[in-house]
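K.L.:
As input, take target38.txt (compact mmCIF, C-alpha atoms and all ligand atoms):
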```txt
# COMPACT_ATOMS: atom_id res chain seq x y z
CA MET A 27 -112.53 -101.72 58.56
CA ALA A 28 -113.78 -105.22 59.20
CA LYS A 29 -114.41 -105.99 62.82
CA THR A 30 -112.29 -108.64 64.50
CA PRO A 31 -114.57 -111.62 65.19
CA THR A 32 -115.40 -111.87 68.89
CA LYS A 33 -113.72 -114.80 70.57
CA ALA A 34 -116.15 -117.53 71.59
CA LYS A 35 -116.61 -117.46 75.34
CA ARG A 36 -114.52 -120.22 76.83
CA LYS A 37 -116.51 -122.45 79.17
CA ARG A 38 -114.69 -122.94 82.41
CA ALA A 39 -114.70 -126.52 83.70
CA PRO A 40 -116.12 -126.87 87.23
CA LYS A 41 -113.53 -126.80 90.02
CA THR A 42 -112.81 -130.29 91.30
CA PHE A 43 -110.64 -131.61 94.12
CA GLY A 44 -107.05 -131.79 92.91
CA LEU A 45 -105.48 -135.20 92.21
CA GLU A 46 -103.79 -135.28 95.60
CA LYS A 47 -106.89 -134.46 97.65
CA ALA A 48 -109.02 -136.80 95.53
CA GLY A 49 -106.41 -139.50 96.15
CA VAL A 50 -107.00 -139.17 99.89
CA VAL A 51 -110.77 -139.48 99.37
CA TYR A 52 -110.36 -142.65 97.29
CA ALA A 53 -107.82 -144.12 99.71
CA ARG A 54 -110.34 -143.80 102.54
CA LEU A 55 -113.23 -145.18 100.46
CA ALA A 56 -110.99 -148.04 99.35
CA ALA A 57 -110.03 -148.82 102.95
CA ASP A 58 -113.76 -149.06 103.75
CA ARG A 59 -114.46 -151.43 100.84
CA PRO A 60 -111.24 -153.07 99.63
CA ASP A 61 -112.70 -155.21 96.83
CA PRO A 62 -115.79 -153.53 95.44
CA HIS A 63 -117.92 -155.03 92.67
CA THR A 64 -121.28 -154.43 91.10
CA GLU A 65 -124.16 -155.82 93.12
CA LEU A 66 -125.85 -157.03 89.95
CA ASN A 67 -125.52 -160.78 89.42
CA PHE A 68 -124.10 -161.99 86.09
CA VAL A 69 -122.19 -164.99 84.79
CA ASN A 70 -120.42 -163.57 81.72
CA PRO A 71 -120.12 -160.27 79.80
CA TYR A 72 -123.35 -160.96 77.90
CA THR A 73 -125.45 -161.46 81.03
CA LEU A 74 -123.86 -158.33 82.50
CA VAL A 75 -125.05 -156.30 79.49
CA VAL A 76 -128.55 -157.72 79.95
CA ALA A 77 -128.56 -157.13 83.72
CA VAL A 78 -127.38 -153.52 83.39
CA ALA A 79 -129.89 -152.83 80.60
CA LEU A 80 -132.65 -154.18 82.86
CA SER A 81 -131.49 -152.11 85.83
CA ALA A 82 -132.53 -148.64 84.63
CA GLN A 83 -134.97 -147.23 87.20
CA ALA A 84 -134.94 -150.53 89.11
CA THR A 85 -133.01 -151.77 92.12
CA ASP A 86 -130.18 -154.27 91.79
CA VAL A 87 -132.02 -156.56 94.22
CA GLY A 88 -135.13 -156.49 92.01
CA VAL A 89 -133.09 -157.17 88.86
CA ASN A 90 -131.22 -160.04 90.53
CA LYS A 91 -134.50 -161.70 91.51
CA ALA A 92 -135.70 -161.55 87.91
CA THR A 93 -132.44 -162.63 86.28
CA LYS A 94 -131.81 -165.60 88.58
CA GLY A 95 -134.16 -167.86 86.63
CA LEU A 96 -133.56 -166.11 83.32
CA PHE A 97 -129.78 -166.59 83.27
CA GLU A 98 -130.12 -170.24 84.30
CA ILE A 99 -131.77 -170.95 80.96
CA ALA A 100 -130.43 -168.11 78.79
CA ASP A 101 -126.84 -167.01 79.32
CA THR A 102 -125.98 -166.44 75.64
CA PRO A 103 -127.62 -164.42 72.84
CA GLU A 104 -128.59 -167.67 71.06
CA LYS A 105 -130.39 -169.06 74.09
CA MET A 106 -132.11 -165.72 74.74
CA LEU A 107 -133.45 -165.64 71.18
CA ALA A 108 -134.59 -169.26 71.51
CA LEU A 109 -136.52 -168.22 74.63
CA GLY A 110 -138.28 -165.54 72.59
CA LEU A 111 -139.93 -162.27 73.59
CA ALA A 112 -142.77 -163.88 75.58
CA GLY A 113 -140.28 -166.04 77.45
CA VAL A 114 -138.11 -163.05 78.40
CA GLU A 115 -141.19 -161.05 79.41
CA SER A 116 -142.34 -163.78 81.76
CA HIS A 117 -139.04 -163.46 83.69
CA VAL A 118 -138.76 -159.68 83.86
CA LYS A 119 -142.36 -158.71 84.60
CA THR A 120 -141.49 -157.64 88.13
CA ILE A 121 -139.11 -154.93 86.87
CA GLY A 122 -140.24 -151.42 85.90
CA LEU A 123 -140.57 -150.72 82.15
CA TRP A 124 -140.37 -154.49 81.56
CA ARG A 125 -142.12 -154.56 78.19
CA ASN A 126 -139.64 -152.20 76.62
CA LYS A 127 -136.69 -153.78 78.37
CA ALA A 128 -137.68 -157.28 77.20
CA LYS A 129 -137.86 -156.00 73.61
CA ASN A 130 -134.38 -154.49 73.99
CA VAL A 131 -132.97 -157.75 75.38
CA ILE A 132 -134.20 -159.60 72.31
CA ALA A 133 -133.04 -156.87 69.92
CA LEU A 134 -129.57 -156.54 71.46
CA SER A 135 -129.14 -160.33 71.42
CA GLN A 136 -130.02 -160.36 67.72
CA MET A 137 -127.56 -157.54 67.01
CA LEU A 138 -124.78 -159.29 68.94
CA LEU A 139 -125.27 -162.35 66.74
CA ASP A 140 -125.68 -160.45 63.47
CA ASP A 141 -122.95 -157.85 63.87
CA PHE A 142 -120.52 -159.00 66.56
CA GLY A 143 -120.24 -162.76 66.12
CA GLY A 144 -122.23 -163.39 69.30
CA THR A 145 -119.66 -161.74 71.60
CA VAL A 146 -119.90 -158.51 73.57
CA PRO A 147 -117.79 -155.75 71.98
CA GLN A 148 -115.12 -154.12 74.12
CA THR A 149 -115.41 -150.51 72.97
CA ARG A 150 -117.92 -147.87 74.05
CA GLU A 151 -118.61 -146.91 70.44
CA ASP A 152 -119.75 -150.46 69.61
CA LEU A 153 -121.58 -151.08 72.88
CA ILE A 154 -123.83 -148.04 72.54
CA LEU A 155 -125.03 -149.35 69.19
CA LEU A 156 -126.88 -152.11 71.06
CA PRO A 157 -130.59 -151.39 71.71
CA GLY A 158 -131.16 -150.28 75.31
CA VAL A 159 -127.45 -149.65 75.93
CA GLY A 160 -126.45 -146.06 76.62
CA ARG A 161 -123.18 -144.51 77.72
CA LYS A 162 -123.76 -145.38 81.38
CA THR A 163 -124.48 -149.06 80.67
CA ALA A 164 -121.50 -149.24 78.31
CA ASN A 165 -119.19 -147.78 80.97
CA VAL A 166 -120.38 -150.30 83.58
CA VAL A 167 -119.79 -153.20 81.17
CA LEU A 168 -116.33 -151.95 80.12
CA ASN A 169 -115.32 -151.53 83.76
CA GLU A 170 -116.81 -154.65 85.30
CA ALA A 171 -116.46 -157.18 82.48
CA PHE A 172 -113.31 -155.94 80.75
CA GLY A 173 -111.39 -154.13 83.49
CA GLN A 174 -111.33 -150.76 81.73
CA PRO A 175 -111.01 -147.65 83.95
CA THR A 176 -114.39 -146.13 83.04
CA ILE A 177 -116.69 -144.27 85.43
CA ALA A 178 -120.42 -144.60 84.80
CA VAL A 179 -122.23 -141.71 86.47
CA ASP A 180 -125.50 -142.87 87.99
CA THR A 181 -127.70 -141.06 90.50
CA HIS A 182 -125.46 -142.05 93.46
CA ILE A 183 -122.21 -140.94 91.84
CA PHE A 184 -123.82 -137.71 90.64
CA ARG A 185 -124.96 -136.90 94.19
CA VAL A 186 -121.71 -137.82 95.95
CA SER A 187 -119.54 -135.98 93.41
CA ASN A 188 -121.56 -132.78 93.75
CA ARG A 189 -122.20 -132.84 97.50
CA THR A 190 -118.61 -133.46 98.45
CA GLY A 191 -117.15 -131.11 95.83
CA LEU A 192 -114.97 -133.97 94.58
CA ALA A 193 -116.12 -133.59 90.97
CA PRO A 194 -119.06 -131.22 90.52
CA GLY A 195 -121.11 -130.98 87.35
CA LYS A 196 -124.53 -129.88 86.09
CA ASP A 197 -125.28 -133.19 84.40
CA PRO A 198 -123.87 -136.76 84.36
CA ASP A 199 -121.59 -136.03 81.38
CA GLN A 200 -120.01 -133.06 83.13
CA VAL A 201 -119.53 -135.07 86.34
CA GLU A 202 -117.94 -137.87 84.31
CA GLN A 203 -115.48 -135.39 82.77
CA SER A 204 -114.74 -133.89 86.21
CA LEU A 205 -114.12 -137.34 87.67
CA GLU A 206 -111.83 -138.27 84.81
CA ARG A 207 -109.77 -135.14 85.47
CA THR A 208 -109.55 -135.49 89.22
CA THR A 209 -109.31 -139.26 89.76
CA PRO A 210 -105.71 -140.50 90.08
CA ASP A 211 -104.92 -143.36 87.67
CA ALA A 212 -104.37 -145.78 90.54
CA TYR A 213 -108.04 -145.40 91.55
CA LYS A 214 -109.74 -145.17 88.15
CA LEU A 215 -110.75 -148.82 87.96
CA GLY A 216 -112.43 -148.87 91.38
CA ALA A 217 -113.70 -145.27 91.49
CA HIS A 218 -117.05 -146.18 89.96
CA HIS A 219 -117.76 -148.82 92.61
CA TRP A 220 -116.45 -146.88 95.59
CA LEU A 221 -118.56 -143.85 94.75
CA ILE A 222 -121.71 -145.86 94.05
CA LEU A 223 -121.44 -147.86 97.25
CA HIS A 224 -120.67 -144.75 99.27
CA GLY A 225 -123.78 -143.09 97.82
CA ARG A 226 -125.94 -146.15 98.28
CA TYR A 227 -125.06 -146.91 101.90
CA THR A 228 -123.57 -143.78 103.49
CA CYS A 229 -124.18 -140.63 101.46
CA THR A 230 -127.81 -141.53 100.87
CA ALA A 231 -130.18 -139.14 99.10
CA ARG A 232 -132.13 -138.41 102.27
CA LYS A 233 -130.42 -138.10 105.64
CA PRO A 234 -126.88 -139.03 104.62
CA LYS A 235 -125.01 -140.75 107.45
CA CYS A 236 -122.49 -137.94 107.80
CA TRP A 237 -121.62 -138.85 111.39
CA ASP A 238 -120.39 -142.23 110.14
CA CYS A 239 -118.68 -141.01 106.96
CA CYS A 240 -114.97 -141.59 106.38
CA ILE A 241 -114.58 -138.43 104.27
CA ARG A 242 -116.65 -136.12 106.45
CA ASP A 243 -113.76 -133.74 107.17
CA MET A 244 -113.10 -133.28 103.43
CA CYS A 245 -116.72 -132.99 102.29
CA LYS A 246 -118.10 -129.57 101.32
CA PHE A 247 -121.78 -130.42 101.91
CA LYS A 248 -123.22 -127.74 104.19
CA ASP A 249 -126.21 -129.59 105.65
CA LYS A 250 -124.41 -132.55 107.17
CA THR A 251 -126.65 -134.82 109.25
CA PRO A 252 -125.80 -134.66 112.94
CA ASP A 253 -125.07 -137.83 114.90
CA PRO A 254 -128.48 -139.15 116.09
CA ALA A 255 -126.82 -140.54 119.23
CA LYS A 256 -125.92 -137.00 120.19
CA THR A 257 -129.30 -135.51 119.34
CA SER A 258 -131.33 -137.56 121.81
CA SER A 259 -135.11 -137.48 121.56
CA LEU A 260 -135.06 -136.52 125.20
CA GLY A 261 -134.04 -132.98 124.29
CA PRO A 262 -135.59 -129.81 125.59
CA LYS A 263 -139.03 -130.83 124.27
CA GLY A 264 -138.78 -134.45 125.42
CA PRO A 265 -140.62 -135.94 128.37
CA GLY A 266 -139.41 -135.04 131.78
S1 LIG B 301 -120.17 -136.05 105.04
FE1 LIG B 301 -122.31 -136.50 104.57
S2 LIG B 301 -122.74 -135.41 102.67
FE2 LIG B 301 -120.51 -135.56 102.88
S3 LIG B 301 -119.93 -137.42 101.76
FE3 LIG B 301 -120.18 -137.96 103.90
S4 LIG B 301 -122.31 -138.69 104.02
FE4 LIG B 301 -122.12 -137.50 102.14
```
Could you write out this file's structure as structure tokens?
Ligand code: SF4
P.N.:
Amino acid sequence: MAKTPTKAKRKRAPKTFGLEKAGVVYARLAADRPDPHTELNFVNPYTLVVAVALSAQATDVGVNKATKGLFEIADTPEKMLALGLAGVESHVKTIGLWRNKAKNVIALSQMLLDDFGGTVPQTREDLILLPGVGRKTANVVLNEAFGQPTIAVDTHIFRVSNRTGLAPGKDPDQVEQSLERTTPDAYKLGAHHWLILHGRYTCTARKPKCWDCCIRDMCKFKDKTPDPAKTSSLGPKGPG
């Protein structure tokens, strides 16, 4: 008798905060930063694509310094192509991986002109066709430039989601899926910004400022940093 085929093992999605509990987290983060936006400077959707593509493994402050002069003379694909590869390189030399990034800026500008009539597409499928644009960059552009409720998981969001237990995951894709499940619709547009800013300024990679954190009582992180004001250097081993 033929054996019944074994059922494929069903992968269980990581346990997230429920919608209600996540709603409380977002409400507190939103109260801390009522109108959050990306800290990258841009003047239109095109310059946002360029800025985000330049920002991989670089700080927003560093990218802003480089793009200040660049966007003054090249804020459209046509003007960027007129500037040429050497021209772009001369502006972005201070940013890590600049040679490759400059090539991508030229190539994506060319593709925008050739395939999209010079405008930035408004779907993830089209955006990720552009050289140097991955899922994370596409999600940032869709959210910030076009007001779509996407969540781009960067290093800060990955850390905050896992530490707190809000939306755990082994990799950025899994965290993105967890966040999509557990983020109430009312907070989906701002979630990306609130989580990034919380990770950048409060839930930092080293020594998170747990004593000053608005979601401390809900956070599952075991090694919370104690309040430095209460752990005076004049402890048992201090002078005296
Ligand atoms: S309590 Fe600490 S670890 Fe938890 S979210 Fe706040 S800063 Fe991060």
K.L.:
Please find the residues contacting ligand LIG 301 (chain B) at a distance of at most 6 Å between atoms, with all atoms listed in the file counted, and report them as a PyMOL selection string.
P.N.:
chain A and resi 189-190+228-229+234-236+239+241-242+245+247+250
K.L.:
Restricting the calculation to all atoms listed in the file, which member of A:Thr208, A:Gln203, A:Gln174, A:Thr102 is positioned closest to Lys47 of chain A?
P.N.:
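Checking each candidate against Lys47 of chain A, we get A:Thr208 as the closest.
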K.L.:
At a cut-off of 7 Å from (-118.0, -132.3, 90.2) in the coordinates of the file, what residues are picked up using all atoms listed in the file, written as a ChimeraX atom specification?
P.N.:
/A:40,42,187-188,191-195,201,204-205
K.L.:
Name the residues in contact with segment 53-59 of chain A at a cut-off of 9 Å, using only C-alpha atoms, excluding same-chain residues fewer than 2 positions from it; report them as a PyMOL selection string.
P.N.:
chain A and resi 48-51+61-62+213+216-217+220-221+223-224+240-241
K.L.:
Restricting the output to C-alpha atoms, write the selected residues as a PDB file, keeping the file's coordinate frame.
P.N.:
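Done, and the output landed in again.pdb:
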```pdb
ATOM      1  CA  ALA A  48    -109.020-136.800  95.530  1.00  0.00           C
ATOM      2  CA  GLY A  49    -106.410-139.500  96.150  1.00  0.00           C
ATOM      3  CA  VAL A  50    -107.000-139.170  99.890  1.00  0.00           C
ATOM      4  CA  VAL A  51    -110.770-139.480  99.370  1.00  0.00           C
ATOM      5  CA  ASP A  61    -112.700-155.210  96.830  1.00  0.00           C
ATOM      6  CA  PRO A  62    -115.790-153.530  95.440  1.00  0.00           C
ATOM      7  CA  TYR A 213    -108.040-145.400  91.550  1.00  0.00           C
ATOM      8  CA  GLY A 216    -112.430-148.870  91.380  1.00  0.00           C
ATOM      9  CA  ALA A 217    -113.700-145.270  91.490  1.00  0.00           C
ATOM     10  CA  TRP A 220    -116.450-146.880  95.590  1.00  0.00           C
ATOM     11  CA  LEU A 221    -118.560-143.850  94.750  1.00  0.00           C
ATOM     12  CA  LEU A 223    -121.440-147.860  97.250  1.00  0.00           C
ATOM     13  CA  HIS A 224    -120.670-144.750  99.270  1.00  0.00           C
ATOM     14  CA  CYS A 240    -114.970-141.590 106.380  1.00  0.00           C
ATOM     15  CA  ILE A 241    -114.580-138.430 104.270  1.00  0.00           C
TER      16      ILE A 241
END
```
K.L.:
Within 12 Å of Ala108 of chain A, counting all atoms listed in the file, which residues show up once you throw out same-chain ones fewer than 6 positions away? Write them as a VMD selection string, please.
P.N.:
chain A and resid 99 to 102 114 132 135 to 136
K.L.:
Skip Pro147 of chain A itself and residues of its chain fewer than 3 positions away, then list as a VMD selection string all residues within 10 Å of it, counting only C-alpha atoms.
P.N.:
chain A and resid 71 to 72 138 141 to 144 150 to 154 156 164 167 to 168 172
K.L.:
Looking at only C-alpha atoms, which of A:Val131, A:Val179, A:Met137, A:Leu123 is the one that sits closest to Leu74 of chain A?
P.N.:
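For Leu74 of chain A, the nearest of the given residues is A:Val131.
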K.L.:
Find, counting all atoms listed in the file, the residue in A:Leu80, A:Glu98, A:Leu66, A:Asp199 that gets nearest to Arg125 of chain A.
P.N.:
A:Leu80
K.L.:
Provide the atom CA of Ser116 of chain A to atom CA of Thr163 of chain A distance in Å, to one decimal place.
P.N.:
23.2 Å
K.L.:
I'd like the interatomic distance between atom CA of Thr145 of chain A and atom CA of Pro103 of chain A, to a tenth of an Å.
P.N.:
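Interatomic distance, atom CA of Thr145 of chain A to atom CA of Pro103 of chain A: 8.5 Å.
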K.L.:
How many Å lie between atom CA of Lys196 of chain A and atom CA of His219 of chain A, rounded to one decimal?
P.N.:
21.1 Å
K.L.:
Nearest to Pro157 of chain A: which of A:Ala39, A:Val76, A:Val118, A:Asp180 is it, counting all atoms listed in the file?
P.N.:
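When distances to Pro157 of chain A are compared using all atoms listed in the file, the smallest one comes from A:Val76.
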K.L.:
Rank nothing, just name the residue among A:Thr181, A:Glu206, A:Leu215, A:Thr120 nearest to Asn169 of chain A, using all atoms listed in the file.
P.N.:
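Looking only at the distances to Asn169 of chain A, the closest residue turns out to be A:Leu215.
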K.L.:
My list of candidates is A:Ile177, A:Val146, A:Ala82, A:Ile222. Which is closest to Arg207 of chain A when distances are computed with only C-alpha atoms?
P.N.:
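Distance minimum relative to Arg207 of chain A lands on A:Ile177.
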